[in-house]
Structures are given as structure tokens and as C-alpha cells.
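Visitor: Here you go, structure22.cif (mmCIF, C-alpha atoms):
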data_coords
loop_
_atom_site.group_PDB
_atom_site.id
_atom_site.type_symbol
_atom_site.label_atom_id
_atom_site.label_comp_id
_atom_site.auth_asym_id
_atom_site.auth_seq_id
_atom_site.Cartn_x
_atom_site.Cartn_y
_atom_site.Cartn_z
ATOM 1 C CA MET A 1 176.728 25.199 97.655
ATOM 2 C CA LYS A 2 175.699 21.613 96.998
ATOM 3 C CA LEU A 3 177.096 20.302 93.737
ATOM 4 C CA THR A 4 174.533 18.329 91.775
ATOM 5 C CA PRO A 5 175.715 16.129 88.887
ATOM 6 C CA VAL A 6 174.703 18.873 86.434
ATOM 7 C CA ILE A 7 176.654 21.535 88.339
ATOM 8 C CA LYS A 8 179.696 19.235 88.598
ATOM 9 C CA ASN A 9 179.605 18.547 84.855
ATOM 10 C CA TYR A 10 179.314 22.246 84.087
ATOM 11 C CA ILE A 11 182.239 23.160 86.367
ATOM 12 C CA ILE A 12 184.449 20.354 85.029
ATOM 13 C CA HIS A 13 183.670 21.251 81.429
ATOM 14 C CA TRP A 14 184.250 24.987 82.043
ATOM 15 C CA GLY A 15 187.637 24.069 83.528
ATOM 16 C CA GLU A 16 188.501 22.012 80.443
ATOM 17 C CA MET A 17 187.394 24.788 78.114
ATOM 18 C CA GLY A 18 189.459 27.248 80.114
ATOM 19 C CA THR A 19 192.611 25.229 79.490
ATOM 20 C CA ARG A 20 191.857 25.261 75.759
ATOM 21 C CA TRP A 21 191.532 29.062 75.922
ATOM 22 C CA GLY A 22 194.830 29.361 77.783
ATOM 23 C CA VAL A 23 193.302 29.878 81.231
ATOM 24 C CA ASN A 24 194.253 27.853 84.298
ATOM 25 C CA ARG A 25 191.754 25.027 84.982
ATOM 26 C CA THR A 26 191.182 26.020 88.620
ATOM 27 C CA VAL A 27 190.613 29.657 87.666
ATOM 28 C CA SER A 28 187.987 28.513 85.149
ATOM 29 C CA GLN A 29 186.330 26.133 87.598
ATOM 30 C CA ILE A 30 186.106 28.819 90.275
ATOM 31 C CA HIS A 31 184.600 31.172 87.728
ATOM 32 C CA ALA A 32 182.042 28.523 86.780
ATOM 33 C CA LEU A 33 181.159 27.882 90.432
ATOM 34 C CA LEU A 34 180.718 31.584 91.176
ATOM 35 C CA TYR A 35 178.689 32.078 88.003
ATOM 36 C CA LEU A 36 176.277 29.300 88.973
ATOM 37 C CA SER A 37 176.122 30.129 92.666
ATOM 38 C CA PRO A 38 172.884 31.863 93.707
ATOM 39 C CA GLN A 39 174.785 33.846 96.356
ATOM 40 C CA PRO A 40 178.365 35.116 96.764
ATOM 41 C CA LEU A 41 180.830 32.609 98.265
ATOM 42 C CA THR A 42 183.830 33.000 100.542
ATOM 43 C CA ALA A 43 187.246 31.672 99.567
ATOM 44 C CA GLU A 44 186.832 28.972 102.200
ATOM 45 C CA GLU A 45 183.508 27.864 100.711
ATOM 46 C CA ILE A 46 185.060 27.766 97.233
ATOM 47 C CA SER A 47 188.010 25.750 98.537
ATOM 48 C CA GLU A 48 185.771 23.228 100.286
ATOM 49 C CA THR A 49 183.272 22.931 97.446
ATOM 50 C CA LEU A 50 185.889 22.312 94.749
ATOM 51 C CA SER A 51 188.404 20.482 96.973
ATOM 52 C CA VAL A 52 191.090 22.963 96.002
ATOM 53 C CA ALA A 53 193.859 24.304 98.223
ATOM 54 C CA ARG A 54 193.028 27.637 99.827
ATOM 55 C CA SER A 55 196.212 29.212 98.394
ATOM 56 C CA ASN A 56 195.174 28.112 94.900
ATOM 57 C CA VAL A 57 191.756 29.683 95.458
ATOM 58 C CA SER A 58 193.357 32.966 96.551
ATOM 59 C CA ASN A 59 195.583 33.110 93.472
ATOM 60 C CA SER A 60 192.693 32.179 91.195
ATOM 61 C CA ILE A 61 190.466 34.852 92.735
ATOM 62 C CA LYS A 62 193.170 37.462 92.095
ATOM 63 C CA GLU A 63 193.337 36.353 88.463
ATOM 64 C CA LEU A 64 189.544 36.556 88.055
ATOM 65 C CA GLN A 65 189.533 39.995 89.682
ATOM 66 C CA SER A 66 192.277 41.186 87.332
ATOM 67 C CA TRP A 67 190.015 40.210 84.436
ATOM 68 C CA GLY A 68 187.073 42.035 86.019
ATOM 69 C CA LEU A 69 184.986 38.854 86.035
ATOM 70 C CA ILE A 70 184.281 38.700 89.761
ATOM 71 C CA SER A 71 183.627 41.248 92.445
ATOM 72 C CA VAL A 72 184.128 41.329 96.199
ATOM 73 C CA GLU A 73 181.161 41.863 98.472
ATOM 74 C CA ARG A 74 181.125 42.347 102.198
ATOM 75 C CA GLU A 75 178.497 41.770 104.835
ATOM 76 C CA LEU A 76 177.968 43.910 107.904
ATOM 77 C CA GLY A 77 179.636 42.331 110.927
ATOM 78 C CA ASP A 78 181.515 39.731 108.855
ATOM 79 C CA ARG A 79 185.229 40.188 108.170
ATOM 80 C CA ARG A 80 185.282 37.692 105.321
ATOM 81 C CA ASP A 81 185.193 38.614 101.649
ATOM 82 C CA PHE A 82 182.401 37.167 99.538
ATOM 83 C CA PHE A 83 182.952 36.700 95.814
ATOM 84 C CA ALA A 84 180.385 36.903 93.055
ATOM 85 C CA ALA A 85 180.714 36.465 89.294
ATOM 86 C CA GLN A 86 179.397 38.830 86.676
ATOM 87 C CA GLY A 87 175.941 37.360 86.085
ATOM 88 C CA ASP A 88 175.110 38.850 82.701
ATOM 89 C CA THR A 89 176.560 36.560 80.020
ATOM 90 C CA TRP A 90 176.742 39.334 77.427
ATOM 91 C CA GLU A 91 178.585 41.626 79.821
ATOM 92 C CA MET A 92 180.893 38.741 80.725
ATOM 93 C CA LEU A 93 181.606 38.133 77.029
ATOM 94 C CA MET A 94 182.444 41.794 76.465
ATOM 95 C CA ILE A 95 184.748 41.858 79.514
ATOM 96 C CA ILE A 96 186.599 38.762 78.303
ATOM 97 C CA MET A 97 186.892 40.132 74.774
ATOM 98 C CA GLU A 98 188.145 43.503 76.031
ATOM 99 C CA GLU A 99 190.745 41.828 78.252
ATOM 100 C CA ARG A 100 191.896 39.506 75.465
ATOM 101 C CA LYS A 101 192.221 42.517 73.177
ATOM 102 C CA LYS A 102 194.280 44.347 75.795
ATOM 103 C CA ARG A 103 196.476 41.330 76.597
ATOM 104 C CA GLU A 104 196.851 39.790 73.129
ATOM 105 C CA ILE A 105 195.784 42.025 70.247
ATOM 106 C CA GLU A 106 197.300 45.330 71.404
ATOM 107 C CA PRO A 107 200.798 43.886 72.095
ATOM 108 C CA THR A 108 200.654 42.166 68.700
ATOM 109 C CA LEU A 109 199.712 45.435 67.012
ATOM 110 C CA THR A 110 202.608 47.174 68.749
ATOM 111 C CA LEU A 111 205.031 44.497 67.547
ATOM 112 C CA LEU A 112 203.680 44.552 63.978
ATOM 113 C CA ARG A 113 203.930 48.354 63.796
ATOM 114 C CA GLN A 114 207.510 48.146 65.047
ATOM 115 C CA CYS A 115 208.284 45.473 62.439
ATOM 116 C CA VAL A 116 206.897 47.687 59.681
ATOM 117 C CA LEU A 117 209.025 50.624 60.839
ATOM 118 C CA GLU A 118 212.139 48.442 60.924
ATOM 119 C CA MET A 119 211.339 46.848 57.551
ATOM 120 C CA ASP A 120 211.030 50.260 55.924
ATOM 121 C CA ALA A 121 214.498 51.180 57.166
ATOM 122 C CA GLU A 122 216.299 48.073 55.846
ATOM 123 C CA GLN A 123 216.636 46.038 52.677
ATOM 124 C CA GLU A 124 217.393 42.532 54.011
ATOM 125 C CA THR A 125 213.841 41.341 54.653
ATOM 126 C CA PRO A 126 212.379 39.737 51.500
ATOM 127 C CA ILE A 127 209.499 41.630 49.882
ATOM 128 C CA GLU A 128 207.203 38.602 50.349
ATOM 129 C CA VAL A 129 207.816 38.666 54.111
ATOM 130 C CA LYS A 130 207.203 42.412 54.227
ATOM 131 C CA GLU A 131 203.881 41.909 52.432
ATOM 132 C CA LYS A 132 202.825 39.203 54.890
ATOM 133 C CA ILE A 133 203.692 41.362 57.898
ATOM 134 C CA ASN A 134 201.814 44.313 56.370
ATOM 135 C CA ASN A 135 198.831 42.041 55.646
ATOM 136 C CA MET A 136 198.852 40.804 59.237
ATOM 137 C CA LEU A 137 199.011 44.395 60.520
ATOM 138 C CA THR A 138 196.048 45.337 58.320
ATOM 139 C CA PHE A 139 194.086 42.308 59.515
ATOM 140 C CA MET A 140 194.834 42.879 63.215
ATOM 141 C CA THR A 141 194.057 46.606 62.929
ATOM 142 C CA THR A 142 190.749 45.822 61.216
ATOM 143 C CA LEU A 143 189.894 43.269 63.894
ATOM 144 C CA SER A 144 190.719 45.716 66.691
ATOM 145 C CA ASP A 145 188.765 48.549 65.074
ATOM 146 C CA TRP A 146 185.779 46.249 64.470
ATOM 147 C CA PHE A 147 185.716 45.200 68.109
ATOM 148 C CA ASP A 148 185.923 48.835 69.250
ATOM 149 C CA GLN A 149 182.827 49.573 67.145
ATOM 150 C CA VAL A 150 180.926 46.461 68.249
ATOM 151 C CA LYS A 151 181.525 47.027 71.961
ATOM 152 C CA ARG A 152 179.769 50.399 71.707
ATOM 153 C CA LEU A 153 176.589 48.819 70.352
ATOM 154 C CA PRO A 154 173.688 48.494 72.777
ATOM 155 C CA LYS A 155 173.301 44.943 74.033
ATOM 156 C CA THR A 156 169.917 44.547 72.331
ATOM 157 C CA THR A 157 171.412 45.587 68.979
ATOM 158 C CA LEU A 158 174.346 43.230 69.421
ATOM 159 C CA ILE A 159 172.013 40.328 70.185
ATOM 160 C CA LYS A 160 169.894 41.082 67.115
ATOM 161 C CA LEU A 161 173.009 41.356 64.974
ATOM 162 C CA MET A 162 174.337 38.011 66.178
ATOM 163 C CA ARG A 163 170.980 36.316 65.662
ATOM 164 C CA MET A 164 170.898 37.590 62.096
ATOM 165 C CA GLY A 165 173.951 35.492 61.270
ATOM 166 C CA SER A 166 174.598 35.223 57.554
ATOM 167 C CA THR A 167 171.637 37.492 56.811
ATOM 168 C CA VAL A 168 174.028 40.375 57.520
ATOM 169 C CA ALA A 169 176.143 39.322 54.526
ATOM 170 C CA LYS A 170 173.064 39.432 52.305
ATOM 171 C CA LEU A 171 172.258 42.939 53.539
ATOM 172 C CA VAL A 172 175.816 44.113 52.930
ATOM 173 C CA SER A 173 175.859 42.738 49.367
ATOM 174 C CA PHE A 174 172.387 44.232 48.775
ATOM 175 C CA THR A 175 173.624 47.740 49.615
ATOM 176 C CA LYS A 176 176.567 47.621 47.153
#
Kindly present the structure from the file in C-alpha cells form.
Guide:
Amino acid sequence: MKLTPVIKNYIIHWGEMGTRWGVNRTVSQIHALLYLSPQPLTAEEISETLSVARSNVSNSIKELQSWGLISVERELGDRRDFFAAQGDTWEMLMIIMEERKKREIEPTLTLLRQCVLEMDAEQETPIEVKEKINNMLTFMTTLSDWFDQVKRLPKTTLIKLMRMGSTVAKLVSFTK
């Protein structure tokens, strides 16, 4: 794949954004390249295009596969693996959100629930701290439950809901 200035800028920026989201820069850049590529690419093509070591590409591909963001395709008579990114941006968003929930929110909920159980059994933790931990558990549970509801919405409904923006707040206050 020939990298035009626009494609280079996109890939570089996606890599920078990835680091801000806690994702390795190369992983993010490979994801960007595969997302923009009109056809699946081999690991060798990715390595050459981005000037990245082949071993780094392999590790990055494994990471992207573990997130469910890329798939492997094969061609008849060719032993190489070809990699393609999820092309639907809404589906990609939902995959990323689901994975972040699984990797970040659920372990946090487990810890907070354990803290609450331990707090109930002891007297040393100040009441103010107990309240803050309970508030955080309520918040994280609400967030998790909200996402579980939103992810079941049809894509068209989700798009309409997002486009409504603050109009949703007006509708909610109207129904009170």
C-alpha cells in the first residue's frame, strides 16, 4: 500500500492517540494501516510499509486479534496470512468499548465489591472513605449497566441517539 501524505498523517496521529489511550503506538499504527487499506495485508507488507520490525508486527497483530479488531484471511494456494481490520466504525467502537469494559471496568467492580465486603466486616476504615468507595461502586455499576443496555440497541437507534445530543436531556426532563 502506497502511503500518501494524508495516509501517513492519519497513521501517525492514530499511533499518538493510541498512546494516550494506553495502547502501544505500533499496535495503533498497524490498526490504522489495516483500517485504511482497501485489501488485507500480510505481516511482511505491514512491516515494510510502516518500517517496523517483523517481530513487532507479529506481536502487534496478536494484540489486535485479542481485541477482536482484526481478522485473518487466507487465499487459495498462498500460505501467508492476510490481515484485515473491522471496517465498520460503529462495530469497531462497540468492540473497543466491550474490551475496555472487560479489561478495566469489570476488574474494578470486583475490587470495589470486595472492598465493600471487607469494610462491612471492620471498623477501622473511616465512614467518609466507606461512603466514597460505595459511591464509586454505585457509579461504576451504573456505567457498566448503561453500557450493557446501549450495546443491545440497533446501530441505527444508537446513531440517532448520539446525534440527538443534549436533546435527550430535554426529553428526559419533559417526561418527569
Visitor: Kindly indicate which residue among A:Glu124, A:Leu112, A:Thr26, A:Leu3 lies nearest to Phe139 (chain A), using all atoms listed in the file for the distances.
Guide: A:Leu112
Visitor: So what does the PyMOL selection byres ((chain A and resi 45) around 12) actually pick up in this one, as an MDAnalysis selection string?
Guide: chainID A and resid 1:2 30 33:34 37 39:44 46:54 57:58 80:83
Visitor: For the selection you just gave me, I'd like the residues written to a file as a PDB file, in the frame of the given file, keeping C-alpha atoms.
Guide:
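Printed below is result_16.pdb as written:
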ATOM      1  CA  MET A   1     176.728  25.199  97.655  1.00  0.00           C
ATOM      2  CA  LYS A   2     175.699  21.613  96.998  1.00  0.00           C
ATOM      3  CA  ILE A  30     186.106  28.819  90.275  1.00  0.00           C
ATOM      4  CA  LEU A  33     181.159  27.882  90.432  1.00  0.00           C
ATOM      5  CA  LEU A  34     180.718  31.584  91.176  1.00  0.00           C
ATOM      6  CA  SER A  37     176.122  30.129  92.666  1.00  0.00           C
ATOM      7  CA  GLN A  39     174.785  33.846  96.356  1.00  0.00           C
ATOM      8  CA  PRO A  40     178.365  35.116  96.764  1.00  0.00           C
ATOM      9  CA  LEU A  41     180.830  32.609  98.265  1.00  0.00           C
ATOM     10  CA  THR A  42     183.830  33.000 100.542  1.00  0.00           C
ATOM     11  CA  ALA A  43     187.246  31.672  99.567  1.00  0.00           C
ATOM     12  CA  GLU A  44     186.832  28.972 102.200  1.00  0.00           C
ATOM     13  CA  ILE A  46     185.060  27.766  97.233  1.00  0.00           C
ATOM     14  CA  SER A  47     188.010  25.750  98.537  1.00  0.00           C
ATOM     15  CA  GLU A  48     185.771  23.228 100.286  1.00  0.00           C
ATOM     16  CA  THR A  49     183.272  22.931  97.446  1.00  0.00           C
ATOM     17  CA  LEU A  50     185.889  22.312  94.749  1.00  0.00           C
ATOM     18  CA  SER A  51     188.404  20.482  96.973  1.00  0.00           C
ATOM     19  CA  VAL A  52     191.090  22.963  96.002  1.00  0.00           C
ATOM     20  CA  ALA A  53     193.859  24.304  98.223  1.00  0.00           C
ATOM     21  CA  ARG A  54     193.028  27.637  99.827  1.00  0.00           C
ATOM     22  CA  VAL A  57     191.756  29.683  95.458  1.00  0.00           C
ATOM     23  CA  SER A  58     193.357  32.966  96.551  1.00  0.00           C
ATOM     24  CA  ARG A  80     185.282  37.692 105.321  1.00  0.00           C
ATOM     25  CA  ASP A  81     185.193  38.614 101.649  1.00  0.00           C
ATOM     26  CA  PHE A  82     182.401  37.167  99.538  1.00  0.00           C
ATOM     27  CA  PHE A  83     182.952  36.700  95.814  1.00  0.00           C
TER      28      PHE A  83
END
Visitor: One number please: CA of Arg152 (chain A) to CA of Met94 (chain A), in Å, one decimal.
Guide: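 Straight-line distance from CA of Arg152 (chain A) to CA of Met94 (chain A) works out to 10.2 Å.
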Visitor: So which residues touch region 85-93 of chain A within 7 Å, counting all atoms listed in the file, skipping near sequence neighbours fewer than 4 positions away, as a ChimeraX atom specification?
Guide: /A:31,34-35,69-71,97
Visitor: At what distance in Å, to one decimal, does CA of Leu137 (chain A) lie from CA of Cys115 (chain A)?
Guide: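 We find that CA of Cys115 (chain A) and CA of Leu137 (chain A) lie 9.5 Å from each other.
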Visitor: Counting all atoms listed in the file, select every polymer residue within 9 Å of (182.8, 28.1, 85.3) as defined in the file's coordinates, and provide the selection as a PyMOL selection string.
Guide: chain A and resi 10-15+18+27-36
Visitor: For a test of reading the model, state the distance in Å between CA of Ile159 (chain A) and CA of Pro107 (chain A), rounded to one decimal.
Guide: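 Distance between the two atoms: 29.1 Å.
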Visitor: Could you pull the residues within 12 Å of region 127-132 of chain A, counting only C-alpha atoms, minus those fewer than 4 positions along the same chain, as a PyMOL selection string?
Guide: chain A and resi 112-113+115-123+136-139
Visitor: From the set A:Thr141, A:Asn135, A:Asn9, A:Gln149, which residue has the shortest atom-to-atom contact distance to Thr108 (chain A), counting only C-alpha atoms?
Guide: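 Among the listed residues, the smallest separation from Thr108 (chain A) belongs to A:Thr141.
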Visitor: Can you tell me which residues surround Glu98 (chain A) at a distance of at most 9 Å, considering all atoms listed in the file, apart from same-chain residues fewer than 5 positions away, and format the answer as a count of residues only?
Guide: 5
Visitor: Go through A:Asn24, A:Arg79, A:Leu158, A:Asp145 and flag the residue nearest Asn56 (chain A), using only C-alpha atoms for the distances.
Guide: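 Among the listed residues, the smallest separation from Asn56 (chain A) belongs to A:Asn24.
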Visitor: Considering all atoms listed in the file, can you say which of A:Thr125, A:Leu143, A:Lys170, A:Gly165 comes closest to Leu109 (chain A)?
Guide: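 The answer is A:Leu143, which sits nearest to Leu109 (chain A).
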Visitor: Give the padded box for region 98-112 of chain A as lines of an AutoDock Vina configuration file: axis-aligned, covering all atoms listed in the file, 4 Å on each side, centre and edge lengths in Å to one decimal.
Guide:
center_x = 196.6
center_y = 43.3
center_z = 71.1
size_x = 24.9
size_y = 15.7
size_z = 22.3
Visitor: Which is closer to Lys102 (chain A) than all the others in A:Pro154, A:Ser144, A:Val23, A:Pro126, using all atoms listed in the file?
Guide: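 Result for the nearest residue to Lys102 (chain A): A:Ser144.
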Visitor: Since fewer atoms than expected are present, regenerate N, CA, C and O atoms for region 56-69 of chain A and write them as a PDB file, keeping the file's coordinate frame.
Guide:
ATOM      1  N   ASN A  56     195.530  28.149  96.318  1.00  0.00           N
ATOM      2  CA  ASN A  56     195.174  28.112  94.900  1.00  0.00           C
ATOM      3  C   ASN A  56     193.921  28.944  94.647  1.00  0.00           C
ATOM      4  O   ASN A  56     193.820  29.648  93.638  1.00  0.00           O
ATOM      5  N   VAL A  57     192.973  28.876  95.567  1.00  0.00           N
ATOM      6  CA  VAL A  57     191.756  29.683  95.458  1.00  0.00           C
ATOM      7  C   VAL A  57     192.107  31.164  95.501  1.00  0.00           C
ATOM      8  O   VAL A  57     191.622  31.957  94.690  1.00  0.00           O
ATOM      9  N   SER A  58     192.963  31.554  96.430  1.00  0.00           N
ATOM     10  CA  SER A  58     193.357  32.966  96.551  1.00  0.00           C
ATOM     11  C   SER A  58     193.996  33.476  95.271  1.00  0.00           C
ATOM     12  O   SER A  58     193.651  34.564  94.784  1.00  0.00           O
ATOM     13  N   ASN A  59     194.922  32.705  94.721  1.00  0.00           N
ATOM     14  CA  ASN A  59     195.583  33.110  93.472  1.00  0.00           C
ATOM     15  C   ASN A  59     194.595  33.169  92.311  1.00  0.00           C
ATOM     16  O   ASN A  59     194.653  34.072  91.479  1.00  0.00           O
ATOM     17  N   SER A  60     193.686  32.220  92.264  1.00  0.00           N
ATOM     18  CA  SER A  60     192.693  32.179  91.195  1.00  0.00           C
ATOM     19  C   SER A  60     191.734  33.359  91.302  1.00  0.00           C
ATOM     20  O   SER A  60     191.347  33.954  90.284  1.00  0.00           O
ATOM     21  N   ILE A  61     191.352  33.703  92.520  1.00  0.00           N
ATOM     22  CA  ILE A  61     190.466  34.852  92.735  1.00  0.00           C
ATOM     23  C   ILE A  61     191.143  36.133  92.260  1.00  0.00           C
ATOM     24  O   ILE A  61     190.518  36.975  91.606  1.00  0.00           O
ATOM     25  N   LYS A  62     192.427  36.277  92.561  1.00  0.00           N
ATOM     26  CA  LYS A  62     193.170  37.462  92.095  1.00  0.00           C
ATOM     27  C   LYS A  62     193.166  37.536  90.575  1.00  0.00           C
ATOM     28  O   LYS A  62     193.004  38.607  89.998  1.00  0.00           O
ATOM     29  N   GLU A  63     193.350  36.389  89.921  1.00  0.00           N
ATOM     30  CA  GLU A  63     193.337  36.353  88.463  1.00  0.00           C
ATOM     31  C   GLU A  63     191.962  36.760  87.921  1.00  0.00           C
ATOM     32  O   GLU A  63     191.858  37.571  87.012  1.00  0.00           O
ATOM     33  N   LEU A  64     190.901  36.214  88.502  1.00  0.00           N
ATOM     34  CA  LEU A  64     189.544  36.556  88.055  1.00  0.00           C
ATOM     35  C   LEU A  64     189.227  38.030  88.304  1.00  0.00           C
ATOM     36  O   LEU A  64     188.560  38.674  87.489  1.00  0.00           O
ATOM     37  N   GLN A  65     189.727  38.571  89.408  1.00  0.00           N
ATOM     38  CA  GLN A  65     189.533  39.995  89.682  1.00  0.00           C
ATOM     39  C   GLN A  65     190.297  40.843  88.676  1.00  0.00           C
ATOM     40  O   GLN A  65     189.799  41.887  88.248  1.00  0.00           O
ATOM     41  N   SER A  66     191.497  40.406  88.295  1.00  0.00           N
ATOM     42  CA  SER A  66     192.277  41.186  87.332  1.00  0.00           C
ATOM     43  C   SER A  66     191.588  41.242  85.968  1.00  0.00           C
ATOM     44  O   SER A  66     191.762  42.193  85.219  1.00  0.00           O
ATOM     45  N   TRP A  67     190.792  40.231  85.671  1.00  0.00           N
ATOM     46  CA  TRP A  67     190.015  40.210  84.436  1.00  0.00           C
ATOM     47  C   TRP A  67     188.715  41.002  84.577  1.00  0.00           C
ATOM     48  O   TRP A  67     188.037  41.265  83.593  1.00  0.00           O
ATOM     49  N   GLY A  68     188.336  41.329  85.800  1.00  0.00           N
ATOM     50  CA  GLY A  68     187.073  42.035  86.019  1.00  0.00           C
ATOM     51  C   GLY A  68     185.866  41.120  85.959  1.00  0.00           C
ATOM     52  O   GLY A  68     184.741  41.583  85.756  1.00  0.00           O
ATOM     53  N   LEU A  69     186.083  39.816  86.151  1.00  0.00           N
ATOM     54  CA  LEU A  69     184.986  38.854  86.035  1.00  0.00           C
ATOM     55  C   LEU A  69     184.290  38.556  87.355  1.00  0.00           C
ATOM     56  O   LEU A  69     183.199  37.985  87.351  1.00  0.00           O
TER      57      LEU A  69
END
